[in-house]
$ cat protein-v2.cif   # mmCIF, C-alpha atoms
data_structure
loop_
_atom_site.label_atom_id
_atom_site.label_comp_id
_atom_site.auth_asym_id
_atom_site.auth_seq_id
_atom_site.Cartn_x
_atom_site.Cartn_y
_atom_site.Cartn_z
CA MET J 1 22.28 155.65 27.88
CA LEU J 2 24.09 157.89 25.37
CA GLU J 3 24.90 161.59 25.45
CA LEU J 4 26.89 163.57 22.89
CA THR J 5 27.92 167.10 23.74
CA GLY J 6 29.58 169.63 21.40
CA LEU J 7 30.70 166.81 19.10
CA SER J 8 32.67 167.91 16.03
CA ARG J 9 34.69 166.14 13.37
CA ARG J 10 36.65 167.73 10.55
CA PHE J 11 38.43 166.21 7.58
CA GLY J 12 40.94 168.84 6.54
CA GLY J 13 38.92 171.99 5.97
CA LEU J 14 35.60 170.13 5.74
CA THR J 15 33.45 170.00 8.89
CA VAL J 16 31.27 166.89 8.74
CA ILE J 17 29.93 166.88 12.32
CA ASP J 18 29.44 170.37 13.73
CA ASP J 19 28.94 171.00 17.48
CA LEU J 20 26.42 168.15 17.68
CA ALA J 21 24.33 167.29 20.72
CA LEU J 22 22.29 164.11 21.18
CA ARG J 23 20.68 162.35 24.13
CA VAL J 24 19.29 158.82 23.97
CA ALA J 25 17.47 157.41 26.97
CA GLN J 26 17.70 153.77 27.99
CA GLY J 27 15.11 151.70 26.12
CA GLU J 28 14.56 154.11 23.23
CA ILE J 29 14.65 153.41 19.51
CA VAL J 30 15.96 156.57 17.90
CA GLY J 31 16.09 156.85 14.12
CA ILE J 32 18.67 159.02 12.37
CA LEU J 33 17.51 160.31 9.02
CA GLY J 34 19.31 162.50 6.52
CA PRO J 35 20.39 162.85 2.90
CA ASN J 36 23.63 161.40 1.57
CA GLY J 37 26.60 163.33 2.86
CA ALA J 38 24.77 164.55 5.97
CA GLY J 39 27.37 162.97 8.29
CA LYS J 40 25.39 159.91 9.46
CA SER J 41 28.14 157.31 9.03
CA THR J 42 30.71 159.67 10.50
CA LEU J 43 28.45 160.05 13.53
CA PHE J 44 28.36 156.27 14.02
CA ASN J 45 32.12 156.06 13.54
CA LEU J 46 32.52 158.57 16.35
CA ILE J 47 30.12 156.78 18.71
CA GLY J 48 31.64 153.39 17.94
CA GLY J 49 35.22 154.59 18.24
CA ASN J 50 36.36 154.13 14.65
CA LEU J 51 37.02 157.87 14.53
CA ALA J 52 38.08 160.33 17.22
CA PRO J 53 36.28 163.69 17.45
CA ASN J 54 38.10 166.98 17.06
CA ALA J 55 35.97 168.37 19.89
CA GLY J 56 33.21 167.31 22.25
CA ARG J 57 32.37 164.41 24.55
CA ILE J 58 30.74 161.01 24.18
CA VAL J 59 29.22 159.64 27.37
CA TYR J 60 27.85 156.09 27.42
CA ASP J 61 25.92 154.84 30.43
CA GLY J 62 27.44 157.58 32.59
CA ARG J 63 31.01 156.89 31.46
CA ASP J 64 33.10 159.19 29.27
CA VAL J 65 34.22 157.03 26.32
CA THR J 66 35.40 159.86 24.05
CA ARG J 67 38.93 158.42 23.89
CA THR J 68 38.08 154.79 24.63
CA ARG J 69 39.32 152.32 22.01
CA VAL J 70 36.80 150.72 19.69
CA TRP J 71 37.24 147.18 21.06
CA ASP J 72 36.84 148.42 24.62
CA ARG J 73 33.56 150.10 23.64
CA CYS J 74 32.40 146.72 22.31
CA ARG J 75 33.20 145.15 25.66
CA LEU J 76 31.31 147.91 27.47
CA GLY J 77 28.19 146.95 25.50
CA ILE J 78 28.16 149.04 22.33
CA GLY J 79 27.35 146.84 19.32
CA ARG J 80 27.24 147.98 15.71
CA THR J 81 26.25 146.78 12.26
CA PHE J 82 27.80 148.23 9.12
CA GLN J 83 26.01 149.51 6.03
CA ILE J 84 28.24 147.39 3.78
CA PRO J 85 28.65 143.94 5.36
CA LYS J 86 32.27 142.83 5.58
CA PRO J 87 32.34 139.32 7.01
CA PHE J 88 35.31 136.98 6.98
CA THR J 89 34.21 135.49 3.66
CA HIS J 90 36.28 132.28 3.93
CA MET J 91 34.88 131.49 7.38
CA THR J 92 31.50 129.96 8.14
CA VAL J 93 28.58 131.89 9.56
CA PHE J 94 29.13 130.18 12.91
CA GLU J 95 32.82 131.10 12.94
CA ASN J 96 32.10 134.73 12.07
CA VAL J 97 29.73 135.10 15.01
CA LEU J 98 32.13 133.19 17.27
CA VAL J 99 34.90 135.69 16.50
CA ALA J 100 32.56 138.50 17.53
CA ALA J 101 31.58 136.76 20.77
CA VAL J 102 35.14 135.85 21.79
CA HIS J 103 37.07 138.94 20.72
CA GLY J 104 34.38 141.60 20.73
CA GLY J 105 32.53 140.32 23.78
CA ARG J 106 35.59 138.93 25.58
CA THR J 107 33.76 135.67 26.24
CA PRO J 108 35.55 132.35 26.90
CA VAL J 109 35.25 130.04 23.89
CA ARG J 110 32.98 127.45 25.55
CA LYS J 111 30.48 130.08 26.68
CA ALA J 112 30.88 131.93 23.39
CA LYS J 113 29.82 128.85 21.42
CA ALA J 114 26.63 128.62 23.45
CA ARG J 115 25.99 132.31 22.81
CA VAL J 116 26.50 131.81 19.07
CA VAL J 117 23.85 129.08 19.02
CA GLU J 118 21.39 131.46 20.72
CA VAL J 119 22.15 134.33 18.36
CA LEU J 120 21.91 132.23 15.20
CA GLU J 121 18.48 131.03 16.27
CA GLN J 122 17.44 134.60 17.09
CA THR J 123 18.51 135.88 13.67
CA GLY J 124 17.22 132.94 11.63
CA LEU J 125 20.66 131.72 10.58
CA THR J 126 20.81 128.32 12.27
CA HIS J 127 20.30 126.51 8.96
CA ARG J 128 23.16 128.54 7.41
CA GLN J 129 25.70 128.17 10.21
CA ALA J 130 28.03 125.87 8.25
CA VAL J 131 27.93 127.99 5.07
CA ALA J 132 30.90 130.19 4.16
CA ALA J 133 29.93 133.82 4.62
CA GLY J 134 31.12 134.63 1.11
CA GLY J 135 28.22 132.62 -0.30
CA LEU J 136 25.39 134.38 1.54
CA THR J 137 22.55 136.36 0.02
CA LEU J 138 22.17 140.05 0.90
CA LEU J 139 19.42 139.25 3.40
CA ASP J 140 21.57 136.66 5.15
CA LEU J 141 24.54 139.05 5.16
CA LYS J 142 22.35 141.60 6.92
CA ARG J 143 21.27 138.92 9.38
CA LEU J 144 24.93 138.05 9.95
CA GLU J 145 25.78 141.70 10.65
CA LEU J 146 23.04 141.74 13.28
CA ALA J 147 24.14 138.38 14.70
CA LYS J 148 27.74 139.56 15.13
CA ALA J 149 26.58 142.66 16.96
CA LEU J 150 24.23 140.66 19.19
CA ALA J 151 27.01 138.21 20.06
CA LEU J 152 28.53 141.01 22.18
CA ARG J 153 25.40 141.10 24.39
CA PRO J 154 25.07 144.84 23.66
CA ARG J 155 23.12 147.30 25.75
CA LEU J 156 23.34 149.91 22.99
CA LEU J 157 22.93 148.76 19.37
CA LEU J 158 23.89 150.97 16.42
CA LEU J 159 22.15 149.88 13.22
CA ASP J 160 23.54 151.31 9.97
CA GLU J 161 21.01 150.96 7.12
CA ILE J 162 20.19 147.37 7.93
CA ALA J 163 17.02 147.52 5.79
CA GLY J 164 18.71 148.98 2.72
CA GLY J 165 18.48 146.95 -0.50
CA LEU J 166 15.93 144.47 0.83
CA SER J 167 12.49 143.60 -0.51
CA GLU J 168 9.43 144.52 1.53
CA ALA J 169 9.06 140.95 2.82
CA GLU J 170 12.75 140.72 3.71
CA CYS J 171 12.54 144.08 5.44
CA ASP J 172 9.58 142.83 7.48
CA ASP J 173 11.68 139.87 8.70
CA LEU J 174 14.49 142.13 9.87
CA LEU J 175 12.11 144.59 11.52
CA ALA J 176 10.65 141.71 13.53
CA MET J 177 14.16 140.81 14.71
CA VAL J 178 14.95 144.38 15.69
CA ARG J 179 11.65 144.60 17.57
CA ASP J 180 12.52 141.44 19.50
CA VAL J 181 16.01 142.71 20.30
CA HIS J 182 14.58 145.96 21.61
CA ALA J 183 11.98 144.09 23.66
CA GLY J 184 14.90 142.31 25.33
CA GLY J 185 16.09 145.60 26.81
CA VAL J 186 18.50 146.86 24.15
CA THR J 187 18.57 150.57 23.32
CA VAL J 188 18.73 151.18 19.55
CA VAL J 189 20.07 154.07 17.47
CA TRP J 190 19.30 153.44 13.82
CA ILE J 191 20.48 155.15 10.63
CA GLU J 192 18.13 154.30 7.78
CA HIS J 193 17.05 155.51 4.33
CA VAL J 194 14.03 153.20 4.33
CA VAL J 195 11.72 155.71 6.00
CA LEU J 196 8.88 153.21 6.41
CA ALA J 197 11.10 151.06 8.63
CA LEU J 198 11.84 153.97 10.95
CA ARG J 199 8.19 155.02 11.08
CA ARG J 200 7.19 151.54 12.20
CA LEU J 201 9.69 151.11 15.05
CA ALA J 202 11.32 154.37 16.09
CA GLY J 203 9.82 156.39 18.89
CA ARG J 204 11.77 159.43 17.75
CA ILE J 205 13.49 160.53 14.57
CA ASP J 206 16.36 163.04 14.48
CA VAL J 207 17.19 164.54 11.08
CA LEU J 208 20.83 165.27 10.33
CA HIS J 209 21.83 167.85 7.73
CA GLY J 210 25.12 169.64 7.31
CA GLY J 211 26.54 167.98 10.40
CA ARG J 212 23.75 169.21 12.69
CA PHE J 213 20.30 168.05 13.70
CA ILE J 214 17.59 170.19 12.15
CA ALA J 215 14.54 168.38 13.54
CA SER J 216 13.69 165.92 16.29
CA GLY J 217 10.45 164.34 17.44
CA PRO J 218 7.82 161.66 16.72
CA PRO J 219 8.23 160.18 13.22
CA ASP J 220 5.06 161.55 11.63
CA ALA J 221 5.63 165.06 12.97
CA VAL J 222 9.25 165.13 11.82
CA LEU J 223 8.44 163.81 8.34
CA ALA J 224 5.77 166.51 7.96
CA ASP J 225 8.20 169.27 8.93
CA PRO J 226 8.59 171.64 5.91
CA ARG J 227 12.34 171.99 6.40
CA VAL J 228 12.80 168.22 6.54
CA ARG J 229 10.75 167.79 3.39
CA GLU J 230 12.83 170.41 1.63
CA VAL J 231 16.20 169.00 2.73
CA TYR J 232 15.48 165.29 2.54
CA LEU J 233 12.69 164.89 0.02
CA GLY J 234 13.41 167.87 -2.21
CA ALA J 235 9.81 168.99 -1.76
#

$ encode --input "protein-v2.cif" --output "C-alpha coordinates"
Amino acid sequence: MLELTGLSRRFGGLTVIDDLALRVAQGEIVGILGPNGAGKSTLFNLIGGNLAPNAGRIVYDGRDVTRTRVWDRCRLGIGRTFQIPKPFTHMTVFENVLVAAVHGGRTPVRKAKARVVEVLEQTGLTHRQAVAAGGLTLLDLKRLELAKALALRPRLLLLDEIAGGLSEAECDDLLAMVRDVHAGGVTVVWIEHVVLALRRLAGRIDVLHGGRFIASGPPDAVLADPRVREVYLGA
(Lines of atoms letter the chains of each structure in order from A and count residues from 1; the text may use other names and numbers.)
(Lines give C-alpha, C1' and ligand atoms only; values in the text may rest on other atoms or scores of the structure.)
Protein backbone atom coordinates (compact mmCIF):
# COMPACT_ATOMS: atom_id res chain seq x y z
CA MET A 1 0.00 0.00 0.00
CA LEU A 2 2.83 2.41 0.86
CA GLU A 3 6.55 2.27 0.11
CA LEU A 4 9.16 4.91 0.92
CA THR A 5 12.61 4.55 -0.57
CA GLY A 6 15.68 6.68 0.23
CA LEU A 7 13.45 9.44 1.61
CA SER A 8 15.28 12.52 2.89
CA ARG A 9 14.25 15.98 3.98
CA ARG A 10 16.53 18.82 5.04
CA PHE A 11 15.75 22.22 6.50
CA GLY A 12 18.82 24.30 5.74
CA GLY A 13 21.73 22.36 7.20
CA LEU A 14 19.51 20.19 9.42
CA THR A 15 18.59 16.73 8.12
CA VAL A 16 15.29 15.69 9.68
CA ILE A 17 14.52 12.61 7.56
CA ASP A 18 17.63 10.72 6.50
CA ASP A 19 17.58 8.08 3.71
CA LEU A 20 14.42 6.53 5.17
CA ALA A 21 12.82 3.31 3.96
CA LEU A 22 9.36 2.06 4.95
CA ARG A 23 6.95 -0.53 3.60
CA VAL A 24 3.34 -0.85 4.74
CA ALA A 25 1.23 -3.71 3.43
CA GLN A 26 -2.46 -3.36 2.68
CA GLY A 27 -4.53 -3.98 5.81
CA GLU A 28 -1.77 -3.29 8.34
CA ILE A 29 -1.84 -0.99 11.35
CA VAL A 30 1.69 0.34 11.72
CA GLY A 31 2.59 2.50 14.70
CA ILE A 32 5.34 5.12 14.49
CA LEU A 33 6.99 5.80 17.82
CA GLY A 34 9.77 8.21 18.68
CA PRO A 35 10.84 11.04 20.97
CA ASN A 36 10.07 14.68 20.25
CA GLY A 37 12.14 15.95 17.36
CA ALA A 38 12.58 12.49 15.84
CA GLY A 39 11.01 13.59 12.53
CA LYS A 40 7.57 11.97 12.90
CA SER A 41 5.46 14.94 11.81
CA THR A 42 7.86 15.71 8.98
CA LEU A 43 7.45 12.11 7.81
CA PHE A 44 3.66 12.53 7.68
CA ASN A 45 4.02 15.86 5.90
CA LEU A 46 6.08 14.10 3.24
CA ILE A 47 3.63 11.21 2.83
CA GLY A 48 0.64 13.54 2.76
CA GLY A 49 2.24 16.01 0.36
CA ASN A 50 2.52 19.03 2.65
CA LEU A 51 6.29 18.88 2.15
CA ALA A 52 8.40 17.72 -0.79
CA PRO A 53 11.40 15.47 -0.12
CA ASN A 54 14.92 16.49 -1.05
CA ALA A 55 15.55 12.91 -2.18
CA GLY A 56 13.76 9.59 -2.44
CA ARG A 57 10.44 8.20 -3.66
CA ILE A 58 6.96 7.79 -2.22
CA VAL A 59 4.90 5.05 -3.85
CA TYR A 60 1.24 4.64 -2.89
CA ASP A 61 -0.73 1.66 -4.14
CA GLY A 62 1.81 1.11 -6.94
CA ARG A 63 1.78 4.75 -8.05
CA ASP A 64 4.67 7.20 -7.62
CA VAL A 65 3.18 10.19 -5.75
CA THR A 66 6.47 11.84 -4.76
CA ARG A 67 5.56 15.05 -6.59
CA THR A 68 1.78 14.69 -6.50
CA ARG A 69 -0.05 17.65 -4.95
CA VAL A 70 -1.58 17.24 -1.51
CA TRP A 71 -5.20 17.54 -2.69
CA ASP A 72 -4.62 14.97 -5.41
CA ARG A 73 -3.25 12.55 -2.80
CA CYS A 74 -6.49 13.05 -0.85
CA ARG A 75 -8.47 12.13 -3.96
CA LEU A 76 -6.31 9.04 -4.48
CA GLY A 77 -7.34 7.83 -1.02
CA ILE A 78 -4.78 9.17 1.46
CA GLY A 79 -6.56 10.65 4.49
CA ARG A 80 -4.87 12.35 7.43
CA THR A 81 -5.62 13.74 10.87
CA PHE A 82 -3.48 16.45 12.44
CA GLN A 83 -1.97 16.48 15.91
CA ILE A 84 -3.38 19.96 16.57
CA PRO A 85 -6.96 20.10 15.24
CA LYS A 86 -7.59 23.11 13.02
CA PRO A 87 -11.26 23.07 12.01
CA PHE A 88 -13.14 25.95 10.45
CA THR A 89 -14.21 27.22 13.86
CA HIS A 90 -17.12 29.38 12.63
CA MET A 91 -18.64 26.48 10.68
CA THR A 92 -20.70 23.65 12.11
CA VAL A 93 -19.43 20.12 12.55
CA PHE A 94 -21.57 19.02 9.60
CA GLU A 95 -20.19 21.79 7.38
CA ASN A 96 -16.59 20.96 8.30
CA VAL A 97 -17.02 17.34 7.27
CA LEU A 98 -18.94 18.39 4.15
CA VAL A 99 -16.00 20.54 3.03
CA ALA A 100 -13.73 17.51 3.39
CA ALA A 101 -16.09 15.26 1.43
CA VAL A 102 -16.67 17.73 -1.41
CA HIS A 103 -13.23 19.26 -1.85
CA GLY A 104 -10.98 16.55 -0.44
CA GLY A 105 -12.97 13.62 -1.77
CA ARG A 106 -14.22 15.35 -4.93
CA THR A 107 -17.75 14.16 -4.22
CA PRO A 108 -20.88 15.90 -5.61
CA VAL A 109 -22.68 17.81 -2.87
CA ARG A 110 -25.78 15.59 -2.74
CA LYS A 111 -23.72 12.41 -2.36
CA ALA A 112 -21.33 14.20 -0.02
CA LYS A 113 -24.16 15.08 2.37
CA ALA A 114 -25.14 11.42 2.59
CA ARG A 115 -21.51 10.52 3.27
CA VAL A 116 -21.33 13.13 6.04
CA VAL A 117 -24.34 11.58 7.77
CA GLU A 118 -22.61 8.17 7.69
CA VAL A 119 -19.32 9.53 9.00
CA LEU A 120 -20.90 11.53 11.82
CA GLU A 121 -22.69 8.42 13.02
CA GLN A 122 -19.47 6.40 12.75
CA THR A 123 -17.53 8.92 14.84
CA GLY A 124 -20.24 9.63 17.41
CA LEU A 125 -20.81 13.22 16.32
CA THR A 126 -24.39 13.08 15.06
CA HIS A 127 -25.69 14.89 18.14
CA ARG A 128 -23.07 17.65 17.62
CA GLN A 129 -23.56 18.19 13.90
CA ALA A 130 -25.18 21.63 14.26
CA VAL A 131 -22.60 22.90 16.79
CA ALA A 132 -19.91 25.36 15.68
CA ALA A 133 -16.56 23.58 15.66
CA GLY A 134 -15.05 26.34 17.77
CA GLY A 135 -17.16 25.21 20.72
CA LEU A 136 -16.12 21.56 20.77
CA THR A 137 -14.30 19.72 23.55
CA LEU A 138 -10.90 18.19 22.84
CA LEU A 139 -12.45 14.74 22.45
CA ASP A 140 -14.97 16.00 19.93
CA LEU A 141 -12.25 17.90 18.06
CA LYS A 142 -10.33 14.64 17.77
CA ARG A 143 -13.49 12.93 16.55
CA LEU A 144 -13.95 15.72 14.00
CA GLU A 145 -10.39 15.28 12.74
CA LEU A 146 -11.14 11.60 12.19
CA ALA A 147 -14.50 12.36 10.59
CA LYS A 148 -12.95 14.78 8.08
CA ALA A 149 -10.36 12.19 7.09
CA LEU A 150 -12.99 9.46 6.76
CA ALA A 151 -15.16 11.70 4.57
CA LEU A 152 -12.56 11.16 1.82
CA ARG A 153 -13.25 7.40 1.84
CA PRO A 154 -9.51 6.79 2.41
CA ARG A 155 -7.71 3.55 1.71
CA LEU A 156 -4.68 4.75 3.68
CA LEU A 157 -5.27 6.68 6.92
CA LEU A 158 -2.50 8.66 8.63
CA LEU A 159 -3.28 9.28 12.30
CA ASP A 160 -1.17 11.92 14.05
CA GLU A 161 -1.39 11.56 17.85
CA ILE A 162 -5.14 11.17 17.87
CA ALA A 163 -5.06 9.80 21.45
CA GLY A 164 -2.91 12.59 22.87
CA GLY A 165 -4.40 14.62 25.73
CA LEU A 166 -7.38 12.32 26.28
CA SER A 167 -8.47 10.48 29.42
CA GLU A 168 -8.31 6.70 29.48
CA ALA A 169 -12.05 6.39 28.85
CA GLU A 170 -11.94 8.91 26.00
CA CYS A 171 -8.96 7.09 24.53
CA ASP A 172 -10.91 3.82 24.65
CA ASP A 173 -13.72 5.42 22.62
CA LEU A 174 -11.32 6.57 19.91
CA LEU A 175 -9.51 3.24 19.81
CA ALA A 176 -12.84 1.51 19.19
CA MET A 177 -13.45 3.85 16.24
CA VAL A 178 -10.01 3.22 14.79
CA ARG A 179 -10.54 -0.53 15.17
CA ASP A 180 -13.83 -0.28 13.27
CA VAL A 181 -12.25 1.82 10.52
CA HIS A 182 -9.47 -0.72 10.11
CA ALA A 183 -11.98 -3.58 10.05
CA GLY A 184 -13.61 -1.81 7.11
CA GLY A 185 -10.47 -2.35 5.02
CA VAL A 186 -8.49 0.83 5.71
CA THR A 187 -4.72 0.60 6.14
CA VAL A 188 -3.49 2.72 9.07
CA VAL A 189 -0.15 4.38 9.82
CA TRP A 190 -0.28 5.94 13.27
CA ILE A 191 2.07 8.32 15.08
CA GLU A 192 1.40 8.21 18.81
CA HIS A 193 3.00 9.03 22.17
CA VAL A 194 0.33 7.07 24.05
CA VAL A 195 2.21 3.78 23.90
CA LEU A 196 -0.67 1.77 25.36
CA ALA A 197 -2.84 2.74 22.38
CA LEU A 198 -0.27 1.45 19.90
CA ARG A 199 0.25 -1.77 21.86
CA ARG A 200 -3.47 -2.50 21.73
CA LEU A 201 -4.02 -2.00 17.99
CA ALA A 202 -0.79 -1.93 16.01
CA GLY A 203 0.53 -5.11 14.50
CA ARG A 204 3.95 -3.53 14.11
CA ILE A 205 5.78 -0.58 15.64
CA ASP A 206 8.62 1.27 13.91
CA VAL A 207 10.75 3.54 16.10
CA LEU A 208 12.07 6.74 14.55
CA HIS A 209 15.14 8.48 15.93
CA GLY A 210 17.40 11.00 14.26
CA GLY A 211 15.45 10.74 11.02
CA ARG A 212 15.92 6.96 10.71
CA PHE A 213 14.16 3.86 11.96
CA ILE A 214 16.15 2.12 14.68
CA ALA A 215 13.75 -0.74 15.42
CA SER A 216 10.79 -2.46 13.82
CA GLY A 217 8.63 -5.40 14.86
CA PRO A 218 5.78 -6.57 17.12
CA PRO A 219 4.95 -3.98 19.81
CA ASP A 220 6.13 -5.91 22.87
CA ALA A 221 9.42 -6.91 21.25
CA VAL A 222 10.16 -3.37 20.08
CA LEU A 223 9.32 -1.81 23.45
CA ALA A 224 11.67 -4.28 25.16
CA ASP A 225 14.54 -3.42 22.80
CA PRO A 226 17.40 -1.90 24.89
CA ARG A 227 18.15 0.77 22.29
CA VAL A 228 14.50 1.82 22.12
CA ARG A 229 14.32 2.02 25.90
CA GLU A 230 17.45 4.15 25.97
CA VAL A 231 16.33 6.53 23.20
CA TYR A 232 12.64 6.80 23.98
CA LEU A 233 12.29 6.06 27.67
CA GLY A 234 15.66 7.29 28.90
CA ALA A 235 16.21 3.91 30.56

$ resolve_selection --input "protein-v2.cif" --expression "the PyMOL selection byres ((chain J and resi 103-119) around 8)" --output "JSON, numbers by chain"
{"J": [71, 74, 75, 94, 97, 98, 99, 100, 101, 102, 120, 121, 122, 123, 126, 147, 150, 151, 152, 153]}

$ resolve_selection --input "protein-v2.cif" --expression "the PyMOL selection byres ((chain J and resi 56) around 6)" --output "count of residues only"
5

$ resolve_selection --input "protein-v2.cif" --expression "the PyMOL selection byres ((chain J and resi 194) around 12)" --output "PDB file with C-alpha atoms, in the coordinates of the input"
ATOM      1  CA  GLY J  31      16.090 156.850  14.120  1.00  0.00           C
ATOM      2  CA  ILE J  32      18.670 159.020  12.370  1.00  0.00           C
ATOM      3  CA  LEU J  33      17.510 160.310   9.020  1.00  0.00           C
ATOM      4  CA  GLY J  34      19.310 162.500   6.520  1.00  0.00           C
ATOM      5  CA  PRO J  35      20.390 162.850   2.900  1.00  0.00           C
ATOM      6  CA  ASP J 160      23.540 151.310   9.970  1.00  0.00           C
ATOM      7  CA  GLU J 161      21.010 150.960   7.120  1.00  0.00           C
ATOM      8  CA  ILE J 162      20.190 147.370   7.930  1.00  0.00           C
ATOM      9  CA  ALA J 163      17.020 147.520   5.790  1.00  0.00           C
ATOM     10  CA  GLY J 164      18.710 148.980   2.720  1.00  0.00           C
ATOM     11  CA  GLY J 165      18.480 146.950  -0.500  1.00  0.00           C
ATOM     12  CA  LEU J 166      15.930 144.470   0.830  1.00  0.00           C
ATOM     13  CA  SER J 167      12.490 143.600  -0.510  1.00  0.00           C
ATOM     14  CA  GLU J 168       9.430 144.520   1.530  1.00  0.00           C
ATOM     15  CA  CYS J 171      12.540 144.080   5.440  1.00  0.00           C
ATOM     16  CA  ASP J 172       9.580 142.830   7.480  1.00  0.00           C
ATOM     17  CA  LEU J 175      12.110 144.590  11.520  1.00  0.00           C
ATOM     18  CA  TRP J 190      19.300 153.440  13.820  1.00  0.00           C
ATOM     19  CA  ILE J 191      20.480 155.150  10.630  1.00  0.00           C
ATOM     20  CA  GLU J 192      18.130 154.300   7.780  1.00  0.00           C
ATOM     21  CA  HIS J 193      17.050 155.510   4.330  1.00  0.00           C
ATOM     22  CA  VAL J 195      11.720 155.710   6.000  1.00  0.00           C
ATOM     23  CA  LEU J 196       8.880 153.210   6.410  1.00  0.00           C
ATOM     24  CA  ALA J 197      11.100 151.060   8.630  1.00  0.00           C
ATOM     25  CA  LEU J 198      11.840 153.970  10.950  1.00  0.00           C
ATOM     26  CA  ARG J 199       8.190 155.020  11.080  1.00  0.00           C
ATOM     27  CA  ARG J 200       7.190 151.540  12.200  1.00  0.00           C
ATOM     28  CA  LEU J 201       9.690 151.110  15.050  1.00  0.00           C
TER      29      LEU J 201
END

$ residues_around --input "protein-v2.cif" --residues "Pro218 of chain J" --least-positions-apart "4" --cutoff "7 Å" --atoms "all atoms listed in the file" --output "VMD selection string"
chain J and resid 203 to 205 222

$ residues_around --input "protein-v2.cif" --residues "segment 130-141 of chain J" --least-positions-apart "2" --cutoff "9 Å" --atoms "all atoms listed in the file" --output "VMD selection string"
chain J and resid 85 to 96 124 to 128 143 to 146 163 165 to 166 170 to 171 174

$ closest_atom_pairs --input "protein-v2.cif" --of "segment 70-100 of chain J" --to "segment 43-52 of chain J" --cutoff "9 Å" --atoms "all atoms listed in the file" --output "tab-separated table"
residue	atom	partner	partner_atom	distance
J:Val70	CA	J:Gly49	CA	4.4
J:Trp71	CA	J:Gly49	CA	8.2
J:Arg73	CA	J:Gly48	CA	6.9
J:Cys74	CA	J:Gly48	CA	8.0
J:Ile78	CA	J:Gly48	CA	7.1
J:Gly79	CA	J:Gly48	CA	8.0
J:Arg80	CA	J:Gly48	CA	7.3

$ atom_distance --input "protein-v2.cif" --atom1 "atom CA of Arg23 of chain J" --atom2 "atom CA of Val189 of chain J"
10.6 Å

$ atom_distance --input "protein-v2.cif" --atom1 "atom CA of Pro226 of chain J" --atom2 "atom CA of Val24 of chain J"
24.6 Å

$ residues_around --input "protein-v2.cif" --residues "Met1 of chain J" --least-positions-apart "5" --cutoff "8 Å" --atoms "all atoms listed in the file" --output "list in words"
Arg23, Val24, Ala25, Gln26, Tyr60, Asp61, Gly62, Leu156 and Thr187 of chain J

$ residues_near_point --input "protein-v2.cif" --point "(21.0, 170.7, 7.3)" --cutoff "10 Å" --atoms "all atoms listed in the file" --output "ChimeraX atom specification"
/J:34-35,38,207-215,227-228,230-232

$ write_last_selection --input "protein-v2.cif" --atoms "C-alpha atoms" --output "short mmCIF file (atom, residue, chain, number, x, y, z; two decimals), in the coordinates of the input"
data_model
loop_
_atom_site.label_atom_id
_atom_site.label_comp_id
_atom_site.auth_asym_id
_atom_site.auth_seq_id
_atom_site.Cartn_x
_atom_site.Cartn_y
_atom_site.Cartn_z
CA GLY J 34 19.31 162.50 6.52
CA PRO J 35 20.39 162.85 2.90
CA ALA J 38 24.77 164.55 5.97
CA VAL J 207 17.19 164.54 11.08
CA LEU J 208 20.83 165.27 10.33
CA HIS J 209 21.83 167.85 7.73
CA GLY J 210 25.12 169.64 7.31
CA GLY J 211 26.54 167.98 10.40
CA ARG J 212 23.75 169.21 12.69
CA PHE J 213 20.30 168.05 13.70
CA ILE J 214 17.59 170.19 12.15
CA ALA J 215 14.54 168.38 13.54
CA ARG J 227 12.34 171.99 6.40
CA VAL J 228 12.80 168.22 6.54
CA GLU J 230 12.83 170.41 1.63
CA VAL J 231 16.20 169.00 2.73
CA TYR J 232 15.48 165.29 2.54
#

$ atom_distance --input "protein-v2.cif" --atom1 "atom CA of Ser8 of chain J" --atom2 "atom CA of Val30 of chain J"
20.3 Å

$ closest_residue --input "protein-v2.cif" --among "J:Gln83, J:Glu28, J:Asp19, J:Gly12" --to "Arg179 of chain J" --atoms "only C-alpha atoms"
J:Glu28

$ closest_residue --input "protein-v2.cif" --among "J:Thr68, J:Pro53, J:Asn36, J:Ala202" --to "Leu4 of chain J" --atoms "all atoms listed in the file"
J:Pro53

$ residues_around --input "protein-v2.cif" --residues "Gly184 of chain J" --least-positions-apart "6" --cutoff "10 Å" --atoms "all atoms listed in the file" --output "list in words"
Gly27, Arg155 and Val178 of chain J

$ closest_residue --input "protein-v2.cif" --among "J:Ala169, J:Gly185, J:Ala176, J:Asp225" --to "Leu157 of chain J" --atoms "only C-alpha atoms"
J:Gly185

$ decode --input "protein-v2.cif" --residues "segment 217-234 of chain J" --atoms "N, CA and C atoms" --output "short mmCIF file (atom, residue, chain, number, x, y, z; two decimals), in the first residue's frame"
data_model
loop_
_atom_site.label_atom_id
_atom_site.label_comp_id
_atom_site.auth_asym_id
_atom_site.auth_seq_id
_atom_site.Cartn_x
_atom_site.Cartn_y
_atom_site.Cartn_z
N GLY J 217 9.09 -4.06 14.54
CA GLY J 217 8.63 -5.40 14.86
C GLY J 217 7.36 -5.36 15.69
N PRO J 218 6.96 -6.52 16.25
CA PRO J 218 5.78 -6.57 17.12
C PRO J 218 5.94 -5.62 18.31
N PRO J 219 4.86 -5.00 18.76
CA PRO J 219 4.95 -3.98 19.81
C PRO J 219 5.75 -4.38 21.04
N ASP J 220 5.45 -5.53 21.63
CA ASP J 220 6.13 -5.91 22.87
C ASP J 220 7.63 -6.10 22.65
N ALA J 221 8.01 -6.69 21.53
CA ALA J 221 9.42 -6.91 21.25
C ALA J 221 10.15 -5.59 21.05
N VAL J 222 9.52 -4.67 20.33
CA VAL J 222 10.16 -3.37 20.08
C VAL J 222 10.31 -2.58 21.37
N LEU J 223 9.27 -2.58 22.20
CA LEU J 223 9.32 -1.81 23.45
C LEU J 223 10.31 -2.39 24.44
N ALA J 224 10.67 -3.65 24.29
CA ALA J 224 11.67 -4.28 25.16
C ALA J 224 13.08 -4.13 24.62
N ASP J 225 13.22 -3.60 23.41
CA ASP J 225 14.54 -3.42 22.80
C ASP J 225 15.36 -2.43 23.62
N PRO J 226 16.59 -2.79 24.05
CA PRO J 226 17.40 -1.90 24.89
C PRO J 226 17.66 -0.54 24.25
N ARG J 227 17.88 -0.51 22.94
CA ARG J 227 18.15 0.77 22.29
C ARG J 227 16.91 1.66 22.30
N VAL J 228 15.74 1.05 22.09
CA VAL J 228 14.50 1.82 22.12
C VAL J 228 14.27 2.37 23.52
N ARG J 229 14.51 1.56 24.52
CA ARG J 229 14.32 2.02 25.90
C ARG J 229 15.27 3.17 26.23
N GLU J 230 16.47 3.09 25.72
CA GLU J 230 17.45 4.15 25.97
C GLU J 230 17.05 5.45 25.28
N VAL J 231 16.64 5.34 24.00
CA VAL J 231 16.33 6.53 23.20
C VAL J 231 15.01 7.15 23.60
N TYR J 232 13.99 6.29 23.76
CA TYR J 232 12.64 6.80 23.98
C TYR J 232 12.28 6.97 25.44
N LEU J 233 12.68 6.04 26.27
CA LEU J 233 12.29 6.06 27.67
C LEU J 233 13.36 6.62 28.60
N GLY J 234 14.58 6.80 28.07
CA GLY J 234 15.66 7.29 28.90
C GLY J 234 16.12 6.28 29.92
#
